[in-house]
Amino acid sequence: MRHALFGLAACVAASSAFAADVQPTDVVFVDGAIEASLSGAAGDPASGAEIMNKGAGNCIACHQVSALSHLSFHGEIGPPLDGVADRWSEAEIRGIVANAKVMFEGSMMPSFYKTQGFVRLGDAYTGEAHADGEVHPLLTAQQVEDVVAFLMTLNEQ
Amino acid sequence: MKITKMAIGSVAALVGMTGLSFADPDEDSLTINGDISIVTETAAPAHAENLSTIYSGWRFRSDETQAFQMDDFDNPGMIGVENATVDWETVDGSAGKSCSSCHGTPEDMAGLRAEYPKWNEEKSQVTTLEMEVNNCRENRMGAEKWKYTGGKMTDMIALISSVSRGMPVNVAIDGPAKETWEQGKQLYYTRFGQLELSCANCHEDSYGMMIRADHLSQGQINGFPTYRLKNTKLNSVHARFKGCVRDTRAETFKPGSPEFVALQLYVASRGNGLSVEGPSVRN
């Protein structure tokens with residue numbers, strides 16, 4: 001009985017931490033940039049580096065990143081991200097990662113923190129329709145922050 | 001401010017790109033069995049308004065993959081052709097007929113692959129070779145339909161394709177087929193799924209570039225069916241479409257659906273002038 005209660009408390013705590021996230025539908029863009037952290041917390045660049053290479057991030061499918069040259073097959077659809085922290089502010093990078101189409105109209109880059117407005121939304125990579133129910137963005141608020149923190153380490157000067 | 005940054009972004013992109021091995025189609029040319037010469041590059045038809053030159057997907061594959069297609073003895077897709085040659089002669093269904101009862105030899109099908117999908121007057125719709133094959137099986141042979149993207153069907157399409165190799169793709173897009181073609185065009189430019197990617201994003205805007213480990217081609221279908229080294233079997237056009245739509249995290253259309261037939265007509269028309277190549281070999 002005690003255990004069950006503790007379990008429940010843990011759940012509530014976890015979901016309320018989540019609720020602190022700015023929801024994808026509530027994000028405010030100013031000139032394509034997002035001022036504050038989406039999760040309210042700082043990002044972890046090491047975790048960000050991993051997201052660059054896998055899962056729903058997989059940024060190097062389209063971008064070259066010299067700092068990740070130990071990973072094979074970097075794509076060339078988007079610009080190389082070396083020195084990206086010299087070209088853009090943190091708020092601008094956050095905006096680009098969350099929804100690049102706000103900064104670059106019609107961009108081929110997927111919107112990683114967006115949950116609405118898709119044509120024939122599927123259930124991940126199954127080819128089946130997405131069932132009714134909550135749509136999760138490609139990256140969580142904290143994952144966006146982690147990626148932003150990693151990109152902020154890419155200085156050339 | 002936004003504009004300036006964008007300009008910087010694109011200059012960086014250009015500089016980055018020229019620094020890379022910008023991987024356009026290669027310069028190789030294709031002759032099959034030292035005999036059938038294949039047009040893998042030609043001027044784009046006027047209706048493919050955003051392309052100036054069209055290329056077969058063969059030109060984007062590695063030398064090793066390309067070599068498989070240069071001789072029928074090395075082309076694993078020819079095994080499917082052989083299987084279909086047997087089916088061609090095999091009586092099936094209540095009418096006691098085989099394909100050969102009505103159509104003679106497979107060579108009598110020469111030219112068809114180049115013109116399909118095509119308007120079918122009787123059915124009053126655009127049909128694919130697969131639909132025609134199943135129409136014969138059901139209504140002329142009294143036999144069971146084959147699965148649209150199944151092995152038997154894809155082998156048969158490979159046989160029908162093989163006898164047209166070297167002929168220029170020439171699908172009609174005017175007259176009664178126009179509406180279907182327009183629908184296909186619209187699908188081609190629709191950004192599907194959670195990744196919001198259209199066929200054009202990858203195969204028109206980005207061909208020649210690497211997306212992760214894949215060298216993007218123009219997504220032409222003159223080579224279908226294609227034997228893929230990745231799944232070691234012949235793949236049909238609609239199976240490929242399904243895979244590409246699925247990869248955008250979208251709900252796909254069904255093989256044989258009106259949407260995929262329309263998309264096939266449109267994509268085929270973008271390859272008008274390339275040679276029929278199937279069964280081809282890809283990775």
# chains A, B, ... in the order shown; residues from 1 in each chain; ligands from 1
$ residues_around --residues "range 257-271 of chain B" --least-positions-apart "4" --cutoff "7 Å" --atoms "only C-alpha atoms" --output "PDB file with C-alpha atoms, in the first residue's frame"
ATOM      1  CA  PRO B  45      10.321  17.161 -70.864  1.00  0.00           C
ATOM      2  CA  ALA B  48       8.830  18.769 -65.647  1.00  0.00           C
ATOM      3  CA  ILE B  54      16.672  14.076 -66.217  1.00  0.00           C
ATOM      4  CA  PRO B 117       0.264   4.087 -66.761  1.00  0.00           C
ATOM      5  CA  THR B 128      -1.183   0.488 -64.469  1.00  0.00           C
ATOM      6  CA  VAL B 169       9.487   6.156 -71.663  1.00  0.00           C
ATOM      7  CA  VAL B 171       3.485   8.216 -71.095  1.00  0.00           C
ATOM      8  CA  THR B 180      -5.132  12.117 -63.086  1.00  0.00           C
ATOM      9  CA  TRP B 181      -1.766  13.627 -63.994  1.00  0.00           C
ATOM     10  CA  GLN B 183      -3.715  14.954 -59.149  1.00  0.00           C
ATOM     11  CA  GLY B 184      -0.391  13.138 -59.204  1.00  0.00           C
ATOM     12  CA  LYS B 185       1.466  16.397 -59.543  1.00  0.00           C
ATOM     13  CA  LEU B 187       0.656  14.744 -54.476  1.00  0.00           C
ATOM     14  CA  TYR B 188       4.274  15.091 -55.627  1.00  0.00           C
ATOM     15  CA  GLN B 220      12.734   8.218 -61.499  1.00  0.00           C
ATOM     16  CA  ILE B 221      10.757   5.047 -62.166  1.00  0.00           C
ATOM     17  CA  ASN B 222      12.072   4.068 -65.604  1.00  0.00           C
ATOM     18  CA  HIS B 238       4.037   1.395 -55.369  1.00  0.00           C
ATOM     19  CA  PHE B 253      -1.520   5.381 -49.374  1.00  0.00           C
TER      20      PHE B 253
END
$ closest_atom_pairs --of "chain B" --to "chain A" --cutoff "7 Å" --atoms "only C-alpha atoms" --output "JSON lines"
{"residue": "B:Lys2", "atom": "CA", "partner": "A:Asp31", "partner_atom": "CA", "distance": 6.5}
{"residue": "B:Ala12", "atom": "CA", "partner": "A:Pro79", "partner_atom": "CA", "distance": 6.6}
{"residue": "B:Ala13", "atom": "CA", "partner": "A:Pro79", "partner_atom": "CA", "distance": 4.4}
{"residue": "B:Gly16", "atom": "CA", "partner": "A:Pro80", "partner_atom": "CA", "distance": 6.4}
{"residue": "B:Phe192", "atom": "CA", "partner": "A:Val119", "partner_atom": "CA", "distance": 5.1}
{"residue": "B:Gly193", "atom": "CA", "partner": "A:Leu121", "partner_atom": "CA", "distance": 4.6}
{"residue": "B:Gln194", "atom": "CA", "partner": "A:Leu121", "partner_atom": "CA", "distance": 5.8}
{"residue": "B:Leu195", "atom": "CA", "partner": "A:Pro110", "partner_atom": "CA", "distance": 5.0}
{"residue": "B:Glu196", "atom": "CA", "partner": "A:Pro110", "partner_atom": "CA", "distance": 6.3}
{"residue": "B:Leu197", "atom": "CA", "partner": "A:Met108", "partner_atom": "CA", "distance": 6.9}
{"residue": "B:Asn201", "atom": "CA", "partner": "A:Met108", "partner_atom": "CA", "distance": 6.6}
{"residue": "B:Ser206", "atom": "CA", "partner": "A:Ile77", "partner_atom": "CA", "distance": 6.7}
{"residue": "B:Met209", "atom": "CA", "partner": "A:Glu76", "partner_atom": "CA", "distance": 6.0}
{"residue": "B:Met210", "atom": "CA", "partner": "A:Gly75", "partner_atom": "CA", "distance": 4.9}
{"residue": "B:Ile211", "atom": "CA", "partner": "A:Gly75", "partner_atom": "CA", "distance": 4.5}
{"residue": "B:Arg212", "atom": "CA", "partner": "A:Ala61", "partner_atom": "CA", "distance": 3.9}
{"residue": "B:Ala213", "atom": "CA", "partner": "A:Phe73", "partner_atom": "CA", "distance": 5.1}
{"residue": "B:Arg246", "atom": "CA", "partner": "A:Gly127", "partner_atom": "CA", "distance": 4.5}
{"residue": "B:Asp247", "atom": "CA", "partner": "A:Tyr125", "partner_atom": "CA", "distance": 6.0}
{"residue": "B:Arg249", "atom": "CA", "partner": "A:Tyr125", "partner_atom": "CA", "distance": 5.0}
{"residue": "B:Ala250", "atom": "CA", "partner": "A:Gly122", "partner_atom": "CA", "distance": 3.8}
{"residue": "B:Glu251", "atom": "CA", "partner": "A:Gly122", "partner_atom": "CA", "distance": 4.2}
{"residue": "B:Thr252", "atom": "CA", "partner": "A:Gly127", "partner_atom": "CA", "distance": 5.2}
$ atom_distance --atom1 "CA of Ile160 in chain B" --atom2 "CA of Leu274 in chain B"
17.2 Å
$ select_by_dssp --residues "range 17-199 of chain B" --states "alpha helix (DSSP H)" --output "JSON, numbers by chain"
{"B": [17, 18, 19, 63, 64, 65, 66, 67, 77, 78, 79, 80, 81, 82, 83, 84, 85, 86, 87, 88, 89, 99, 100, 101, 102, 103, 112, 113, 114, 115, 129, 130, 131, 132, 133, 134, 135, 151, 152, 153, 154, 155, 156, 157, 158, 159, 160, 161, 162, 178, 179, 180, 181, 182, 183, 184, 185, 186, 187, 188, 199]}
$ closest_residue --among "A:Gly83, A:Ala131, A:Glu35, A:Leu151" --to "Ala49 in chain A" --atoms "only C-alpha atoms"
A:Leu151
$ atom_distance --atom1 "CA of Ser47 in chain A" --atom2 "CA of Phe29 in chain A"
24.7 Å
$ closest_residue --among "A:Gly43, A:Tyr113, A:Gln157, A:Asp146" --to "Thr25 in chain A" --atoms "only C-alpha atoms"
A:Tyr113
$ residues_around --residues "range 141-145 of chain A" --least-positions-apart "6" --cutoff "10 Å" --atoms "only C-alpha atoms" --output "ChimeraX atom specification"
/A:18,20-24,36-45,47-48,51,57,90,93-95,97-98,112-113,151
$ select_by_dssp --residues "range 4-142 of chain B" --states "strand (DSSP E or B)" --output "list in words"
Leu30, Thr31, Ile32, Ile36, Ser37, Ile38, Glu41, Thr42, Ala43, Thr53, Ile54, Tyr55, Asp92, Lys97, Lys118, Trp119, Asn120, Gln125, Val126 and Thr127 of chain B
$ closest_residue --among "B:Glu122, B:Glu82, B:Asp174, B:Asp155" --to "Lys233 in chain B" --atoms "only C-alpha atoms"
B:Asp155
$ atom_distance --atom1 "CA of Cys202 in chain B" --atom2 "CA of His215 in chain B"
10.3 Å
$ closest_residue --among "B:Arg228, B:Lys123, B:Lys97, B:Arg59" --to "Arg137 in chain B" --atoms "only C-alpha atoms"
B:Lys97
$ residues_around --residues "Ala46 in chain A" --least-positions-apart "6" --cutoff "10 Å" --atoms "only C-alpha atoms" --output "JSON, numbers by chain"
{"A": [146, 147, 149, 150]}
$ residues_around --residues "Leu234 in chain B" --least-positions-apart "6" --cutoff "9 Å" --atoms "only C-alpha atoms" --output "ChimeraX atom specification"
/B:76-77,80,151,154-155,158,224-228,279-281
$ residues_around --residues "Gly111 in chain B" --least-positions-apart "6" --cutoff "10 Å" --atoms "only C-alpha atoms" --output "ChimeraX atom specification"
/B:160-161,163-170,276
$ write_last_selection --atoms "N, CA, C and O atoms" --output "compact mmCIF listing (two decimals), in the first residue's frame"
# COMPACT_ATOMS: atom_id res chain seq x y z
N ILE B 160 7.47 -8.12 -68.44
CA ILE B 160 6.88 -7.21 -69.44
C ILE B 160 7.79 -6.01 -69.68
O ILE B 160 7.93 -5.52 -70.79
N SER B 161 8.45 -5.57 -68.61
CA SER B 161 9.39 -4.46 -68.72
C SER B 161 10.62 -4.86 -69.53
O SER B 161 11.11 -4.11 -70.38
N VAL B 163 11.20 -6.71 -71.97
CA VAL B 163 11.13 -6.73 -73.43
C VAL B 163 11.00 -5.33 -74.03
O VAL B 163 10.98 -5.18 -75.26
N SER B 164 10.89 -4.32 -73.18
CA SER B 164 10.88 -2.92 -73.66
C SER B 164 12.17 -2.19 -73.34
O SER B 164 12.28 -0.97 -73.56
N ARG B 165 13.15 -2.90 -72.81
CA ARG B 165 14.37 -2.19 -72.40
C ARG B 165 14.99 -1.46 -73.57
O ARG B 165 15.06 -1.99 -74.68
N GLY B 166 15.43 -0.23 -73.31
CA GLY B 166 16.03 0.60 -74.35
C GLY B 166 15.02 1.51 -75.04
O GLY B 166 15.41 2.48 -75.68
N MET B 167 13.73 1.21 -74.90
CA MET B 167 12.74 2.09 -75.53
C MET B 167 12.51 3.31 -74.65
O MET B 167 12.53 3.21 -73.43
N PRO B 168 12.26 4.47 -75.26
CA PRO B 168 12.04 5.66 -74.43
C PRO B 168 10.69 5.65 -73.70
O PRO B 168 9.66 5.32 -74.30
N VAL B 169 10.73 5.97 -72.42
CA VAL B 169 9.49 6.16 -71.66
C VAL B 169 8.69 7.26 -72.35
O VAL B 169 9.23 8.30 -72.72
N ASN B 170 7.41 7.01 -72.54
CA ASN B 170 6.60 7.98 -73.27
C ASN B 170 5.14 7.89 -72.82
O ASN B 170 4.28 7.45 -73.56
N VAL B 276 13.39 2.69 -70.82
CA VAL B 276 12.92 1.63 -69.93
C VAL B 276 14.14 0.79 -69.57
O VAL B 276 14.95 0.45 -70.43
$ residues_around --residues "Pro255 in chain B" --least-positions-apart "6" --cutoff "8 Å" --atoms "only C-alpha atoms" --output "ChimeraX atom specification"
/B:148-149,238-239,242
$ write_last_selection --atoms "N, CA and C atoms" --output "PDB file, in the first residue's frame"
ATOM      1  N   TYR B 148      -1.032  -6.884 -55.267  1.00  0.00           N
ATOM      2  CA  TYR B 148      -0.536  -5.787 -56.108  1.00  0.00           C
ATOM      3  C   TYR B 148       0.994  -5.674 -56.110  1.00  0.00           C
ATOM      4  N   THR B 149       1.594  -5.788 -54.934  1.00  0.00           N
ATOM      5  CA  THR B 149       3.053  -5.667 -54.867  1.00  0.00           C
ATOM      6  C   THR B 149       3.705  -7.015 -54.572  1.00  0.00           C
ATOM      7  N   HIS B 238       4.853   0.972 -56.509  1.00  0.00           N
ATOM      8  CA  HIS B 238       4.037   1.395 -55.369  1.00  0.00           C
ATOM      9  C   HIS B 238       4.657   0.998 -54.034  1.00  0.00           C
ATOM     10  N   ALA B 239       5.419  -0.104 -54.023  1.00  0.00           N
ATOM     11  CA  ALA B 239       6.103  -0.462 -52.775  1.00  0.00           C
ATOM     12  C   ALA B 239       7.149   0.600 -52.443  1.00  0.00           C
ATOM     13  N   LYS B 242       5.428   3.721 -51.203  1.00  0.00           N
ATOM     14  CA  LYS B 242       4.972   3.512 -49.832  1.00  0.00           C
ATOM     15  C   LYS B 242       6.121   3.722 -48.848  1.00  0.00           C
TER      16      LYS B 242
END
$ decode --residues "range 84-117 of chain B" --atoms "N, CA, C and O atoms" --output "compact mmCIF listing (two decimals), in the first residue's frame"
# COMPACT_ATOMS: atom_id res chain seq x y z
N ALA B 84 8.63 -15.48 -64.16
CA ALA B 84 7.42 -15.00 -64.82
C ALA B 84 7.25 -15.64 -66.20
O ALA B 84 6.13 -15.83 -66.67
N THR B 85 8.37 -15.99 -66.81
CA THR B 85 8.29 -16.66 -68.12
C THR B 85 7.56 -18.00 -67.98
O THR B 85 6.79 -18.40 -68.85
N VAL B 86 7.79 -18.66 -66.84
CA VAL B 86 7.07 -19.91 -66.57
C VAL B 86 5.58 -19.61 -66.35
O VAL B 86 4.70 -20.25 -66.94
N ASP B 87 5.30 -18.59 -65.51
CA ASP B 87 3.90 -18.23 -65.25
C ASP B 87 3.16 -17.83 -66.53
O ASP B 87 1.96 -18.05 -66.67
N TRP B 88 3.90 -17.21 -67.43
CA TRP B 88 3.31 -16.75 -68.70
C TRP B 88 2.64 -17.92 -69.45
O TRP B 88 1.60 -17.78 -70.06
N GLU B 89 3.28 -19.07 -69.34
CA GLU B 89 2.80 -20.27 -70.07
C GLU B 89 1.86 -21.12 -69.23
O GLU B 89 1.33 -22.11 -69.73
N THR B 90 1.71 -20.79 -67.94
CA THR B 90 0.98 -21.69 -67.05
C THR B 90 -0.52 -21.41 -67.06
O THR B 90 -0.96 -20.31 -66.74
N VAL B 91 -1.27 -22.43 -67.42
CA VAL B 91 -2.73 -22.32 -67.41
C VAL B 91 -3.22 -22.19 -65.96
O VAL B 91 -2.75 -22.90 -65.08
N ASP B 92 -4.11 -21.24 -65.73
CA ASP B 92 -4.62 -21.02 -64.37
C ASP B 92 -6.06 -20.51 -64.50
O ASP B 92 -6.38 -19.79 -65.45
N GLY B 93 -6.93 -20.89 -63.56
CA GLY B 93 -8.28 -20.33 -63.54
C GLY B 93 -9.29 -21.13 -64.35
O GLY B 93 -8.96 -22.05 -65.09
N SER B 94 -10.57 -20.73 -64.19
CA SER B 94 -11.70 -21.50 -64.71
C SER B 94 -11.78 -21.51 -66.24
O SER B 94 -12.38 -22.40 -66.83
N ALA B 95 -11.15 -20.53 -66.91
CA ALA B 95 -11.24 -20.49 -68.37
C ALA B 95 -10.18 -21.38 -69.05
O ALA B 95 -10.18 -21.51 -70.27
N GLY B 96 -9.32 -21.97 -68.23
CA GLY B 96 -8.30 -22.87 -68.79
C GLY B 96 -7.28 -22.18 -69.67
O GLY B 96 -6.83 -22.75 -70.66
N LYS B 97 -6.96 -20.95 -69.34
CA LYS B 97 -6.04 -20.18 -70.18
C LYS B 97 -4.79 -19.74 -69.44
O LYS B 97 -4.78 -19.64 -68.21
N SER B 98 -3.76 -19.45 -70.22
CA SER B 98 -2.55 -18.80 -69.68
C SER B 98 -2.42 -17.46 -70.41
O SER B 98 -3.17 -17.18 -71.34
N CYS B 99 -1.44 -16.67 -70.00
CA CYS B 99 -1.19 -15.39 -70.71
C CYS B 99 -0.96 -15.68 -72.19
O CYS B 99 -1.45 -14.97 -73.06
N SER B 100 -0.19 -16.74 -72.45
CA SER B 100 0.21 -17.01 -73.83
C SER B 100 -0.98 -17.39 -74.70
O SER B 100 -0.94 -17.20 -75.92
N SER B 101 -2.06 -17.88 -74.11
CA SER B 101 -3.24 -18.23 -74.91
C SER B 101 -3.74 -17.03 -75.70
O SER B 101 -4.21 -17.15 -76.82
N CYS B 102 -3.68 -15.85 -75.07
CA CYS B 102 -4.19 -14.65 -75.73
C CYS B 102 -3.08 -13.77 -76.32
O CYS B 102 -3.30 -13.07 -77.30
N HIS B 103 -1.91 -13.78 -75.67
CA HIS B 103 -0.90 -12.78 -76.02
C HIS B 103 0.32 -13.32 -76.75
O HIS B 103 1.25 -12.57 -77.01
N GLY B 104 0.36 -14.61 -77.05
CA GLY B 104 1.53 -15.14 -77.75
C GLY B 104 2.76 -15.14 -76.86
O GLY B 104 2.71 -15.64 -75.73
N THR B 105 3.84 -14.56 -77.32
CA THR B 105 5.08 -14.57 -76.53
C THR B 105 5.22 -13.28 -75.73
O THR B 105 4.60 -12.26 -76.09
N PRO B 106 6.03 -13.31 -74.67
CA PRO B 106 6.27 -12.07 -73.91
C PRO B 106 6.77 -10.94 -74.82
O PRO B 106 6.43 -9.78 -74.60
N GLU B 107 7.53 -11.28 -75.84
CA GLU B 107 8.06 -10.25 -76.74
C GLU B 107 6.94 -9.46 -77.42
O GLU B 107 7.14 -8.33 -77.85
N ASP B 108 5.77 -10.09 -77.53
CA ASP B 108 4.64 -9.35 -78.11
C ASP B 108 4.20 -8.17 -77.24
O ASP B 108 3.40 -7.34 -77.67
N MET B 109 4.69 -8.12 -76.01
CA MET B 109 4.36 -7.02 -75.09
C MET B 109 5.32 -5.83 -75.26
O MET B 109 5.21 -4.83 -74.53
N ALA B 110 6.29 -5.97 -76.15
CA ALA B 110 7.31 -4.91 -76.31
C ALA B 110 6.63 -3.57 -76.58
O ALA B 110 5.69 -3.48 -77.38
N GLY B 111 7.09 -2.54 -75.87
CA GLY B 111 6.55 -1.19 -76.04
C GLY B 111 5.56 -0.80 -74.97
O GLY B 111 5.39 0.39 -74.68
N LEU B 112 4.90 -1.77 -74.36
CA LEU B 112 3.85 -1.43 -73.37
C LEU B 112 4.42 -0.72 -72.14
O LEU B 112 3.87 0.28 -71.69
N ARG B 113 5.49 -1.27 -71.59
CA ARG B 113 6.06 -0.71 -70.35
C ARG B 113 6.37 0.78 -70.51
O ARG B 113 6.28 1.54 -69.57
N ALA B 114 6.72 1.18 -71.74
CA ALA B 114 7.09 2.58 -71.99
C ALA B 114 5.88 3.51 -71.91
O ALA B 114 6.04 4.71 -71.65
N GLU B 115 4.68 2.97 -72.10
CA GLU B 115 3.49 3.83 -72.20
C GLU B 115 2.59 3.82 -70.97
O GLU B 115 1.62 4.57 -70.90
N TYR B 116 2.88 2.91 -70.04
CA TYR B 116 2.03 2.82 -68.85
C TYR B 116 2.60 3.61 -67.70
O TYR B 116 3.82 3.73 -67.62
N PRO B 117 1.73 4.15 -66.81
CA PRO B 117 0.26 4.09 -66.76
C PRO B 117 -0.39 4.81 -67.95
O PRO B 117 0.16 5.78 -68.45
